[in-house]
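*Asks:* My structure is stored as work11.txt, with compact mmCIF, C-alpha atoms.
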# COMPACT_ATOMS: atom_id res chain seq x y z
CA MET A 1 -19.60 5.62 8.57
CA GLU A 2 -18.99 8.94 6.86
CA TYR A 3 -17.20 9.24 3.50
CA VAL A 4 -18.54 5.87 2.24
CA ARG A 5 -19.39 7.45 -1.11
CA LYS A 6 -15.84 8.71 -1.46
CA LEU A 7 -14.50 5.26 -0.62
CA ASP A 8 -16.79 3.72 -3.22
CA GLU A 9 -15.33 6.10 -5.80
CA ILE A 10 -11.78 5.17 -4.80
CA GLU A 11 -12.63 1.46 -5.04
CA ALA A 12 -14.12 1.96 -8.50
CA ARG A 13 -11.00 3.86 -9.55
CA PHE A 14 -8.85 0.99 -8.21
CA GLU A 15 -10.78 -1.58 -10.24
CA ASP A 16 -10.39 0.57 -13.36
CA LEU A 17 -6.64 0.85 -12.79
CA THR A 18 -6.42 -2.90 -12.25
CA SER A 19 -8.04 -3.43 -15.64
CA GLN A 20 -5.64 -0.97 -17.25
CA LEU A 21 -2.65 -2.88 -15.88
CA ALA A 22 -3.83 -5.89 -17.92
CA ASP A 23 -4.48 -3.83 -21.05
CA PRO A 24 -1.92 -4.66 -23.80
CA ALA A 25 -1.97 -1.03 -24.97
CA VAL A 26 -0.91 0.15 -21.51
CA ILE A 27 1.62 -2.64 -21.06
CA SER A 28 3.29 -1.70 -24.35
CA ASP A 29 3.80 1.90 -23.21
CA PRO A 30 6.40 1.87 -20.37
CA GLU A 31 5.70 5.44 -19.24
CA GLN A 32 1.92 4.99 -19.18
CA TYR A 33 2.28 1.65 -17.41
CA ARG A 34 4.53 3.25 -14.79
CA GLN A 35 2.00 6.01 -14.12
CA VAL A 36 -0.93 3.57 -13.90
CA ALA A 37 1.01 1.24 -11.60
CA LYS A 38 1.97 4.18 -9.39
CA SER A 39 -1.66 5.34 -9.09
CA HIS A 40 -2.78 1.76 -8.42
CA ARG A 41 -0.20 1.34 -5.66
CA GLU A 42 -1.09 4.64 -4.01
CA ILE A 43 -4.73 3.66 -3.33
CA GLU A 44 -4.22 -0.07 -2.82
CA GLU A 45 -3.96 0.22 0.97
CA VAL A 46 -7.13 2.33 1.19
CA VAL A 47 -9.11 -0.14 -0.90
CA ALA A 48 -7.88 -3.14 1.10
CA ALA A 49 -8.92 -1.47 4.37
CA TYR A 50 -12.29 -0.45 2.95
CA ARG A 51 -13.03 -3.93 1.68
CA ARG A 52 -12.14 -5.38 5.06
CA TRP A 53 -14.40 -2.79 6.72
CA LYS A 54 -17.32 -3.81 4.49
CA LEU A 55 -16.78 -7.48 5.30
CA VAL A 56 -16.61 -6.87 9.05
CA ARG A 57 -19.68 -4.62 8.97
CA ARG A 58 -21.63 -7.28 7.05
CA ASP A 59 -20.69 -9.97 9.59
CA LEU A 60 -21.54 -7.66 12.47
CA ASP A 61 -24.91 -6.78 10.97
CA GLY A 62 -25.59 -10.49 10.69
CA ALA A 63 -24.55 -11.28 14.26
CA ARG A 64 -26.47 -8.56 16.11
CA PRO A 65 -30.01 -9.87 15.37
CA MET A 66 -28.94 -13.25 16.73
CA LEU A 67 -28.56 -11.68 20.18
CA GLU A 68 -32.38 -11.89 20.39
CA GLU A 69 -32.58 -15.57 19.49
CA ALA A 70 -34.40 -17.94 21.83
CA ASP A 71 -31.59 -20.49 21.64
CA GLU A 72 -29.10 -19.67 24.37
CA ASP A 73 -26.17 -21.23 22.49
CA LEU A 74 -26.86 -19.02 19.49
CA ARG A 75 -27.07 -15.94 21.71
CA VAL A 76 -23.71 -16.79 23.32
CA MET A 77 -22.09 -17.34 19.91
CA ALA A 78 -23.55 -14.09 18.62
CA ALA A 79 -22.35 -12.17 21.68
CA GLU A 80 -18.84 -13.49 21.21
CA GLU A 81 -18.94 -12.53 17.53
CA VAL A 82 -20.17 -9.02 18.28
CA GLN A 83 -17.55 -8.58 20.99
CA ARG A 84 -14.83 -9.58 18.52
CA LEU A 85 -16.04 -7.58 15.53
CA GLU A 86 -17.02 -4.23 17.12
CA PRO A 87 -13.44 -3.25 18.12
CA GLU A 88 -12.14 -4.32 14.70
CA LEU A 89 -14.76 -2.24 12.93
CA ALA A 90 -13.92 0.82 15.05
CA GLY A 91 -10.22 0.30 14.40
CA LEU A 92 -10.79 0.06 10.66
CA GLU A 93 -12.80 3.28 10.70
CA GLU A 94 -9.99 5.12 12.45
CA ARG A 95 -7.47 3.68 10.01
CA LEU A 96 -9.56 4.79 7.05
CA LYS A 97 -9.74 8.31 8.46
CA VAL A 98 -5.95 8.41 8.52
CA LEU A 99 -5.62 6.91 5.04
CA LEU A 100 -7.99 9.53 3.65
CA LEU A 101 -5.91 12.41 4.97
CA PRO A 102 -4.31 14.58 2.27
CA LYS A 103 -1.17 12.78 1.20
CA ASP A 104 2.29 14.32 1.27
CA PRO A 105 3.27 14.26 -2.43
CA ASN A 106 6.90 13.65 -1.46
CA ASP A 107 6.30 10.50 0.59
CA GLU A 108 7.13 8.16 -2.30
CA LYS A 109 10.41 9.90 -3.10
CA ASN A 110 14.03 8.96 -2.53
CA VAL A 111 15.98 11.40 -0.38
CA VAL A 112 19.20 13.34 -0.12
CA ILE A 113 20.44 13.26 3.46
CA GLU A 114 22.99 15.81 4.65
CA ILE A 115 24.76 15.37 7.99
CA ARG A 116 27.12 18.05 9.31
CA ALA A 117 29.09 18.39 12.52
CA GLY A 118 27.90 21.31 14.65
CA THR A 119 29.28 22.54 17.95
CA GLY A 120 31.66 20.22 19.76
CA GLY A 121 34.78 20.08 17.61
CA ASP A 122 36.27 16.64 17.00
CA GLU A 123 33.61 14.95 19.11
CA ALA A 124 30.88 16.38 16.87
CA THR A 125 32.61 14.96 13.78
CA LEU A 126 32.81 11.52 15.41
CA PHE A 127 29.12 11.64 16.24
CA ALA A 128 28.29 12.77 12.68
CA GLY A 129 30.00 9.60 11.48
CA GLU A 130 27.99 7.48 13.93
CA VAL A 131 24.71 9.12 12.91
CA PHE A 132 25.50 8.41 9.27
CA ARG A 133 26.23 4.79 10.17
CA MET A 134 22.92 4.64 12.10
CA TYR A 135 20.92 5.75 9.06
CA SER A 136 22.95 3.49 6.75
CA ARG A 137 22.20 0.45 8.93
CA TYR A 138 18.51 1.39 9.09
CA ALA A 139 18.43 1.78 5.31
CA GLU A 140 20.07 -1.62 4.91
CA GLY A 141 17.34 -3.19 7.05
CA GLN A 142 14.67 -1.55 4.87
CA GLY A 143 16.24 -2.83 1.68
CA TRP A 144 17.25 0.67 0.58
CA LYS A 145 20.44 1.66 -1.22
CA VAL A 146 22.79 4.32 0.16
CA GLU A 147 25.20 6.17 -2.15
CA VAL A 148 27.63 8.71 -0.73
CA SER A 149 27.71 11.83 -2.90
CA SER A 150 30.38 13.77 -1.03
CA SER A 151 32.09 13.75 2.33
CA SER A 152 34.68 15.65 4.30
CA GLU A 153 36.49 13.63 6.94
CA SER A 154 37.99 14.98 10.14
CA ASP A 155 41.52 14.21 11.31
CA ILE A 156 40.28 11.63 13.84
CA GLY A 157 38.06 9.65 11.48
CA GLY A 158 34.71 11.37 11.79
CA PHE A 159 32.85 13.51 9.28
CA LYS A 160 32.75 17.27 9.08
CA GLU A 161 30.09 16.72 6.44
CA VAL A 162 28.61 13.77 4.58
CA ILE A 163 25.94 13.91 1.87
CA ALA A 164 24.29 10.74 0.60
CA LEU A 165 21.47 9.62 -1.68
CA ILE A 166 19.08 7.01 -0.29
CA ASN A 167 16.98 5.10 -2.82
CA GLY A 168 14.13 2.75 -2.02
CA ASP A 169 10.44 2.37 -1.28
CA LYS A 170 8.82 5.39 0.41
CA VAL A 171 12.12 6.62 1.86
CA TYR A 172 10.98 10.20 2.48
CA SER A 173 7.84 9.04 4.30
CA ARG A 174 10.04 7.27 6.86
CA LEU A 175 12.88 9.78 7.21
CA LYS A 176 11.20 13.16 6.83
CA TYR A 177 10.96 13.75 10.59
CA GLU A 178 14.71 13.21 11.11
CA SER A 179 15.66 16.74 10.04
CA GLY A 180 17.00 18.97 12.78
CA VAL A 181 19.73 19.20 15.42
CA HIS A 182 20.75 15.94 17.10
CA ARG A 183 22.49 16.48 20.44
CA VAL A 184 24.86 13.94 22.01
CA GLN A 185 25.91 13.71 25.66
CA ARG A 186 28.81 11.42 26.52
CA VAL A 187 32.45 11.24 27.57
CA PRO A 188 34.54 11.87 24.43
CA VAL A 189 37.41 9.52 23.64
CA THR A 190 39.70 12.55 23.86
CA GLU A 191 38.54 13.45 27.39
CA GLN A 192 41.14 12.59 30.01
CA GLN A 193 39.12 13.40 33.15
CA GLY A 194 35.96 11.46 32.39
CA ARG A 195 33.69 14.50 32.05
CA ILE A 196 30.52 14.34 29.99
CA HIS A 197 30.51 16.72 27.02
CA THR A 198 27.64 17.91 24.85
CA SER A 199 28.02 18.16 21.08
CA ALA A 200 25.63 18.43 18.16
CA VAL A 201 25.20 17.54 14.50
CA THR A 202 22.62 18.76 12.00
CA VAL A 203 20.61 16.48 9.76
CA ALA A 204 18.68 17.62 6.69
CA VAL A 205 16.45 15.20 4.76
CA LEU A 206 15.49 16.51 1.32
CA PRO A 207 13.07 14.80 -1.08
CA GLU A 208 14.82 13.99 -4.34
CA ALA A 209 13.31 15.88 -7.25
CA ASP A 210 12.68 14.33 -10.66
CA GLU A 211 13.85 16.02 -13.84
CA VAL A 212 10.26 16.82 -14.78
CA GLU A 213 9.84 18.68 -11.48
CA VAL A 214 13.01 20.75 -11.68
CA GLU A 215 14.43 21.68 -15.05
CA ILE A 216 18.02 22.86 -14.95
CA ASP A 217 19.18 24.89 -17.93
CA PRO A 218 22.74 23.77 -18.77
CA LYS A 219 23.56 27.41 -19.58
CA GLU A 220 22.92 28.26 -15.92
CA LEU A 221 25.49 25.76 -14.67
CA ARG A 222 29.21 26.24 -14.18
CA ILE A 223 30.96 22.87 -14.12
CA ASP A 224 34.44 22.59 -12.60
CA THR A 225 36.50 19.40 -12.42
CA PHE A 226 39.34 18.73 -10.03
CA CYS A 227 41.37 15.88 -8.59
CA SER A 228 39.76 13.79 -5.88
CA SER A 229 41.26 13.84 -2.39
CA GLY A 230 41.24 11.30 0.41
CA PRO A 231 40.73 7.52 0.13
CA GLY A 232 40.06 6.24 -3.37
CA GLY A 233 42.93 4.21 -4.76
CA GLN A 234 45.45 4.95 -7.47
CA SER A 235 43.22 7.39 -9.35
CA VAL A 236 43.18 9.87 -6.46
CA ASN A 237 45.02 13.10 -7.25
CA THR A 238 45.86 11.81 -10.76
CA THR A 239 42.60 12.26 -12.69
CA TYR A 240 40.11 15.09 -12.78
CA SER A 241 37.17 12.91 -11.76
CA ALA A 242 35.71 15.13 -9.03
CA VAL A 243 32.96 17.54 -10.10
CA ARG A 244 31.76 20.85 -8.68
CA LEU A 245 28.47 22.28 -9.97
CA THR A 246 27.54 25.93 -9.42
CA HIS A 247 23.96 26.96 -10.17
CA LEU A 248 24.50 30.55 -11.26
CA PRO A 249 20.98 31.96 -10.63
CA THR A 250 20.91 30.78 -7.00
CA GLY A 251 24.59 30.43 -6.15
CA LEU A 252 24.08 26.85 -4.93
CA VAL A 253 27.26 24.77 -5.09
CA VAL A 254 27.37 20.97 -5.05
CA SER A 255 30.52 18.84 -5.20
CA CYS A 256 30.89 15.11 -5.70
CA GLN A 257 34.09 13.07 -5.72
CA ASP A 258 32.96 9.70 -4.38
CA GLU A 259 33.10 7.93 -7.75
CA LYS A 260 36.20 7.42 -9.91
CA SER A 261 34.14 8.33 -12.96
CA GLN A 262 33.60 12.01 -13.73
CA ILE A 263 30.30 11.13 -15.46
CA LYS A 264 28.99 9.34 -12.35
CA ASN A 265 30.10 12.16 -10.06
CA ARG A 266 28.35 14.68 -12.28
CA ALA A 267 25.13 12.64 -12.27
CA LYS A 268 25.17 12.39 -8.45
CA ALA A 269 25.89 16.09 -8.07
CA LEU A 270 22.95 16.92 -10.35
CA ARG A 271 20.62 14.80 -8.20
CA VAL A 272 21.69 16.67 -5.08
CA LEU A 273 21.44 20.06 -6.79
CA ARG A 274 18.00 19.27 -8.18
CA SER A 275 16.77 18.28 -4.72
CA ARG A 276 18.07 21.49 -3.17
CA LEU A 277 16.41 23.58 -5.88
CA TYR A 278 13.17 21.66 -5.40
CA GLU A 279 13.25 22.39 -1.68
CA MET A 280 13.87 26.08 -2.34
CA GLU A 281 10.89 26.27 -4.68
CA LEU A 282 8.65 24.52 -2.16
CA GLY A 283 9.75 27.15 0.34
CA LYS A 284 8.83 29.91 -2.09
CA GLN A 285 5.40 28.40 -2.58
CA ARG A 286 4.88 28.71 1.16
CA ALA A 287 6.27 32.26 1.14
CA GLU A 288 9.13 31.09 3.35
CA ILE A 289 12.14 31.33 1.06
CA GLY A 290 15.00 29.56 2.79
CA ALA A 291 13.24 29.67 6.18
CA GLU A 292 12.00 26.08 6.14
CA ARG A 293 15.46 24.60 5.90
CA ARG A 294 16.97 26.94 8.46
CA SER A 295 14.17 26.22 10.93
CA MET A 296 14.46 22.53 10.16
CA VAL A 297 18.21 22.34 10.69
CA GLY A 298 19.15 25.39 12.74
CA THR A 299 22.72 26.51 13.23
CA GLY A 300 24.07 23.41 14.93
CA ASP A 301 24.04 25.01 18.36
CA ARG A 302 23.47 22.62 21.28
CA SER A 303 20.30 24.43 22.37
CA GLU A 304 18.54 23.93 19.00
CA LYS A 305 17.70 20.27 19.38
CA ILE A 306 15.02 17.86 18.29
CA ARG A 307 16.64 14.84 19.93
CA THR A 308 19.19 13.97 22.60
CA TYR A 309 21.41 10.88 22.63
CA ASN A 310 22.63 10.30 26.19
CA PHE A 311 25.21 7.51 26.14
CA PRO A 312 25.88 7.18 29.91
CA GLN A 313 22.16 6.51 30.46
CA ASN A 314 21.69 4.53 27.20
CA ARG A 315 18.83 6.96 26.58
CA LEU A 316 17.32 8.60 23.51
CA THR A 317 14.82 11.44 23.95
CA ASP A 318 12.87 13.03 21.13
CA HIS A 319 11.86 16.42 22.48
CA ARG A 320 9.12 17.08 19.92
CA ILE A 321 6.85 14.30 21.14
CA GLY A 322 8.24 13.61 24.61
CA LEU A 323 9.47 10.13 23.64
CA THR A 324 12.16 8.50 25.79
CA LEU A 325 13.68 5.10 25.03
CA TYR A 326 16.40 3.36 27.05
CA GLN A 327 17.83 1.39 24.14
CA LEU A 328 20.30 3.81 22.60
CA ASP A 329 22.78 1.04 21.79
CA MET A 330 20.20 -0.67 19.57
CA ILE A 331 19.10 2.61 17.98
CA MET A 332 22.67 3.57 17.05
CA ASP A 333 22.93 0.17 15.39
CA GLY A 334 20.10 1.17 13.04
CA ARG A 335 17.09 -0.06 15.00
CA LEU A 336 15.13 3.14 14.44
CA GLU A 337 11.69 1.61 13.93
CA GLY A 338 10.37 2.53 17.39
CA VAL A 339 11.38 6.18 17.02
CA ILE A 340 10.17 6.61 13.45
CA ASP A 341 6.87 4.80 14.09
CA ALA A 342 6.18 6.99 17.14
CA LEU A 343 6.87 10.19 15.17
CA THR A 344 4.70 9.06 12.26
CA THR A 345 1.82 8.16 14.56
CA TYR A 346 2.06 11.45 16.42
CA TYR A 347 2.09 13.68 13.34
CA ARG A 348 -0.68 11.70 11.67
CA ALA A 349 -2.82 12.16 14.78
CA GLU A 350 -2.07 15.88 14.79
CA LYS A 351 -3.00 16.15 11.12
CA LEU A 352 -6.20 14.22 11.73
CA LYS A 353 -7.08 16.43 14.66
CA GLN A 354 -6.45 19.58 12.62
CA GLN A 355 -8.43 18.22 9.69
CA THR A 356 -11.37 17.39 11.91
CA GLU A 357 -11.35 20.76 13.68
CA VAL A 358 -10.93 22.88 10.57
CA ALA A 359 -12.77 21.00 7.87
CA GLY A 360 -15.08 18.58 9.64
CA PRO A 361 -15.14 15.01 8.32
CA VAL A 362 -12.16 13.97 6.24
CA ARG A 363 -12.94 14.43 2.58
CA ASP A 364 -11.01 13.75 -0.60
CA ARG A 365 -7.43 12.56 -0.74
CA ALA A 366 -5.22 15.29 -2.10
CA ASP A 367 -3.83 14.88 -5.58
CA SER A 368 -0.58 13.01 -5.07
CA THR A 369 1.03 14.47 -8.19
CA PRO A 370 3.38 17.33 -7.23
CA ALA A 371 3.29 20.51 -9.23
CA ARG A 372 5.99 21.10 -11.78
CA VAL A 373 8.61 23.37 -10.27
CA PRO A 374 10.92 25.63 -12.27
CA ALA A 375 14.55 25.76 -11.26
CA SER A 376 14.79 29.50 -11.10
Using the file provided, produce a representation of the structure as structure tokens.
*Replies:*
Amino acid sequence: MEYVRKLDEIEARFEDLTSQLADPAVISDPEQYRQVAKSHREIEEVVAAYRRWKLVRRDLDGARPMLEEADEDLRVMAAEEVQRLEPELAGLEERLKVLLLPKDPNDEKNVVIEIRAGTGGDEATLFAGEVFRMYSRYAEGQGWKVEVSSSSESDIGGFKEVIALINGDKVYSRLKYESGVHRVQRVPVTEQQGRIHTSAVTVAVLPEADEVEVEIDPKELRIDTFCSSGPGGQSVNTTYSAVRLTHLPTGLVVSCQDEKSQIKNRAKALRVLRSRLYEMELGKQRAEIGAERRSMVGTGDRSEKIRTYNFPQNRLTDHRIGLTLYQLDMIMDGRLEGVIDALTTYYRAEKLKQQTEVAGPVRDRADSTPARVPAS
């Protein structure tokens, strides 16, 4: 197999990191320990697959000469062993090729998810609420935590807009392909004649940026406080707990009123603002200022779709990969694994294909540490 030398280097690095995790000097330094543990975790899957590959190859190398034995029973046993091990070895090699692909530095991050009603009026706001519930149920199943940062409800109980923070293990790696226009086809509850209508919502999934990646100068922020509105108990409209942040250099505005505490609302708003600034800087690095998000989300028009939810047919279709599933009821209840797994597999295969065509055999893993990004 190619890239064995690289895998040996990764395994040696893993063993060194394992030793560091037991080093009292590292354990006594929380920041250093966190960095070492993070690096250890990032290559753990590669090392486990490589060690399994070495074990299978050793067993296979031992079984093949036995095919020439004079004893028929030994030949039969060897043939069975070879037949079992060869597919596993090939599968491990393919898996290692994927694991050695350059890693998305944002995969480990938490996310900010923004869902907005597009075309379709009240029906679009109802669907925005259902899409938010779908992701919330999926997050619950993954053991993630969902915190609403801000929301704007419609008169009939849906959402004109809802922005939430999702915290957990490798959240961005699972949700990054959800950005775009989601189209719904069904008979609205307000429809009297039973006609199917088409509406749309936009979803944007942004990797949450750390403070070390985006520095925000307090002098460049305008902070306004105001009374919360909507559900929230006795404190609503009586205390100035809601917070609106305006980033003066870019004009970005983020509001948060979900918490009763002004301090908590400000902290949430800063997380959202930092993520939006991080995304803008990533766009600049690609010489596509603002274009990535607009192409990712679109305008909310029905024709700009990545996915269609057809309720009469209980059908979900993802138009990017030609996936159709007739289990929409389960998907809307948060059972998104089949869709997300299919998207992940498809884009990994495309990346592997591109890597092979452009650069030949897969080489080094990319540095998983993102560059430090200024806020303005």
*Asks:* Using Å and a single decimal, report how far CA of Phe311 in chain A sits from CA of Asp329 in chain A.
*Replies:*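 Taking CA of Asp329 in chain A as the start and CA of Phe311 in chain A as the end point, the length is 8.2 Å.
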*Asks:* Quote the spacing between CA of Leu277 in chain A and CA of Lys145 in chain A in Å to one decimal place.
*Replies:* 22.8 Å
*Asks:* Quick one: residues within 10 Å of Leu245 in chain A, all atoms listed in the file, excluding same-chain residues fewer than 3 positions away - as number ranges by chain?
*Replies:* A: 221-225, 248, 251-256, 266, 269-270, 273
*Asks:* Given the choices A:Leu92, A:Ile321, A:Val187, A:Ala200, which gets closest to Asp341 in chain A if the distance is worked out from all atoms listed in the file?
*Replies:* A:Ile321
*Asks:* Calculated over only C-alpha atoms, which of the candidates A:Val184, A:Val214, A:Ile331, A:Val47 has the smallest distance to Glu281 in chain A?
*Replies:*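 The shortest atom-to-atom distance to Glu281 in chain A comes from A:Val214.
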*Asks:* Mind giving me the straight-line distance from CA of Glu93 in chain A to CA of Leu67 in chain A in Å, one decimal?
*Replies:*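 We find that CA of Glu93 in chain A and CA of Leu67 in chain A lie 23.7 Å from each other.
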*Asks:* Would you pick out the contacts of Gly168 in chain A at 10 Å or less, using only C-alpha atoms, so that residues sharing its chain but fewer than 4 positions from it are not included, and give the list as a JSON list (two decimals) with C-alpha atoms, keeping the file's coordinate frame?
*Replies:*
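Result went into around-v5.json, see below:
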[["chain", "number", "residue", "atom", "x", "y", "z"],
["A", 108, "GLU", "CA", 7.13, 8.16, -2.30],
["A", 109, "LYS", "CA", 10.41, 9.90, -3.10],
["A", 110, "ASN", "CA", 14.03, 8.96, -2.53],
["A", 111, "VAL", "CA", 15.98, 11.40, -0.38],
["A", 139, "ALA", "CA", 18.43, 1.78, 5.31],
["A", 142, "GLN", "CA", 14.67, -1.55, 4.87],
["A", 143, "GLY", "CA", 16.24, -2.83, 1.68],
["A", 144, "TRP", "CA", 17.25, 0.67, 0.58],
["A", 145, "LYS", "CA", 20.44, 1.66, -1.22],
["A", 146, "VAL", "CA", 22.79, 4.32, 0.16],
["A", 172, "TYR", "CA", 10.98, 10.20, 2.48]]
*Asks:* Extract, using only C-alpha atoms, all DNA, RNA and protein residues at most 8 Å from range 8-22 of chain A, discarding same-chain residues fewer than 6 positions from it, and format them as a ChimeraX atom specification.
*Replies:* /A:33,36-37,39-40,43-44,47
*Asks:* Using all atoms listed in the file, find the one residue out of A:Asp122, A:Glu45, A:Asp61, A:Glu220 that sits nearest to Leu89 in chain A.
*Replies:*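 For Leu89 in chain A, the nearest of the given residues is A:Asp61.
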*Asks:* Would you mind writing range 256-277 of chain A with N, CA and C atoms, as an mmCIF file, in the frame of the given file?
*Replies:*
data_model
loop_
_atom_site.group_PDB
_atom_site.id
_atom_site.type_symbol
_atom_site.label_atom_id
_atom_site.label_comp_id
_atom_site.auth_asym_id
_atom_site.auth_seq_id
_atom_site.Cartn_x
_atom_site.Cartn_y
_atom_site.Cartn_z
ATOM 1 N N CYS A 256 30.946 16.556 -5.850
ATOM 2 C CA CYS A 256 30.890 15.110 -5.700
ATOM 3 C C CYS A 256 32.207 14.519 -6.190
ATOM 4 N N GLN A 257 32.832 13.688 -5.345
ATOM 5 C CA GLN A 257 34.090 13.070 -5.720
ATOM 6 C C GLN A 257 34.147 11.611 -5.284
ATOM 7 N N ASP A 258 32.985 11.051 -4.938
ATOM 8 C CA ASP A 258 32.960 9.700 -4.380
ATOM 9 C C ASP A 258 33.276 8.645 -5.438
ATOM 10 N N GLU A 259 32.868 8.897 -6.687
ATOM 11 C CA GLU A 259 33.100 7.930 -7.750
ATOM 12 C C GLU A 259 34.395 8.242 -8.489
ATOM 13 N N LYS A 260 34.999 7.212 -9.106
ATOM 14 C CA LYS A 260 36.200 7.420 -9.910
ATOM 15 C C LYS A 260 35.864 7.975 -11.288
ATOM 16 N N SER A 261 34.586 7.851 -11.666
ATOM 17 C CA SER A 261 34.140 8.330 -12.960
ATOM 18 C C SER A 261 33.594 9.746 -12.847
ATOM 19 N N GLN A 262 34.096 10.635 -13.722
ATOM 20 C CA GLN A 262 33.600 12.010 -13.730
ATOM 21 C C GLN A 262 32.125 12.050 -14.108
ATOM 22 N N ILE A 263 31.705 11.169 -15.024
ATOM 23 C CA ILE A 263 30.300 11.130 -15.460
ATOM 24 C C ILE A 263 29.397 10.766 -14.286
ATOM 25 N N LYS A 264 29.798 9.757 -13.507
ATOM 26 C CA LYS A 264 28.990 9.340 -12.350
ATOM 27 C C LYS A 264 28.943 10.423 -11.286
ATOM 28 N N ASN A 265 30.074 11.083 -11.052
ATOM 29 C CA ASN A 265 30.100 12.160 -10.060
ATOM 30 C C ASN A 265 29.197 13.317 -10.493
ATOM 31 N N ARG A 266 29.207 13.606 -11.787
ATOM 32 C CA ARG A 266 28.350 14.680 -12.280
ATOM 33 C C ARG A 266 26.869 14.327 -12.114
ATOM 34 N N ALA A 267 26.522 13.074 -12.406
ATOM 35 C CA ALA A 267 25.130 12.640 -12.270
ATOM 36 C C ALA A 267 24.670 12.731 -10.815
ATOM 37 N N LYS A 268 25.516 12.302 -9.866
ATOM 38 C CA LYS A 268 25.170 12.390 -8.450
ATOM 39 C C LYS A 268 25.012 13.837 -8.007
ATOM 40 N N ALA A 269 25.944 14.676 -8.447
ATOM 41 C CA ALA A 269 25.890 16.090 -8.070
ATOM 42 C C ALA A 269 24.608 16.742 -8.593
ATOM 43 N N LEU A 270 24.186 16.377 -9.792
ATOM 44 C CA LEU A 270 22.950 16.920 -10.350
ATOM 45 C C LEU A 270 21.736 16.497 -9.530
ATOM 46 N N ARG A 271 21.744 15.268 -9.029
ATOM 47 C CA ARG A 271 20.620 14.800 -8.200
ATOM 48 C C ARG A 271 20.528 15.615 -6.908
ATOM 49 N N VAL A 272 21.686 15.881 -6.307
ATOM 50 C CA VAL A 272 21.690 16.670 -5.080
ATOM 51 C C VAL A 272 21.255 18.104 -5.368
ATOM 52 N N LEU A 273 21.789 18.685 -6.433
ATOM 53 C CA LEU A 273 21.440 20.060 -6.790
ATOM 54 C C LEU A 273 19.957 20.179 -7.089
ATOM 55 N N ARG A 274 19.427 19.230 -7.836
ATOM 56 C CA ARG A 274 18.000 19.270 -8.180
ATOM 57 C C ARG A 274 17.137 19.204 -6.922
ATOM 58 N N SER A 275 17.544 18.394 -5.963
ATOM 59 C CA SER A 275 16.770 18.280 -4.720
ATOM 60 C C SER A 275 16.812 19.569 -3.913
ATOM 61 N N ARG A 276 17.978 20.217 -3.901
ATOM 62 C CA ARG A 276 18.070 21.490 -3.170
ATOM 63 C C ARG A 276 17.234 22.571 -3.840
ATOM 64 N N LEU A 277 17.239 22.607 -5.160
ATOM 65 C CA LEU A 277 16.410 23.580 -5.880
ATOM 66 C C LEU A 277 14.932 23.304 -5.659
#
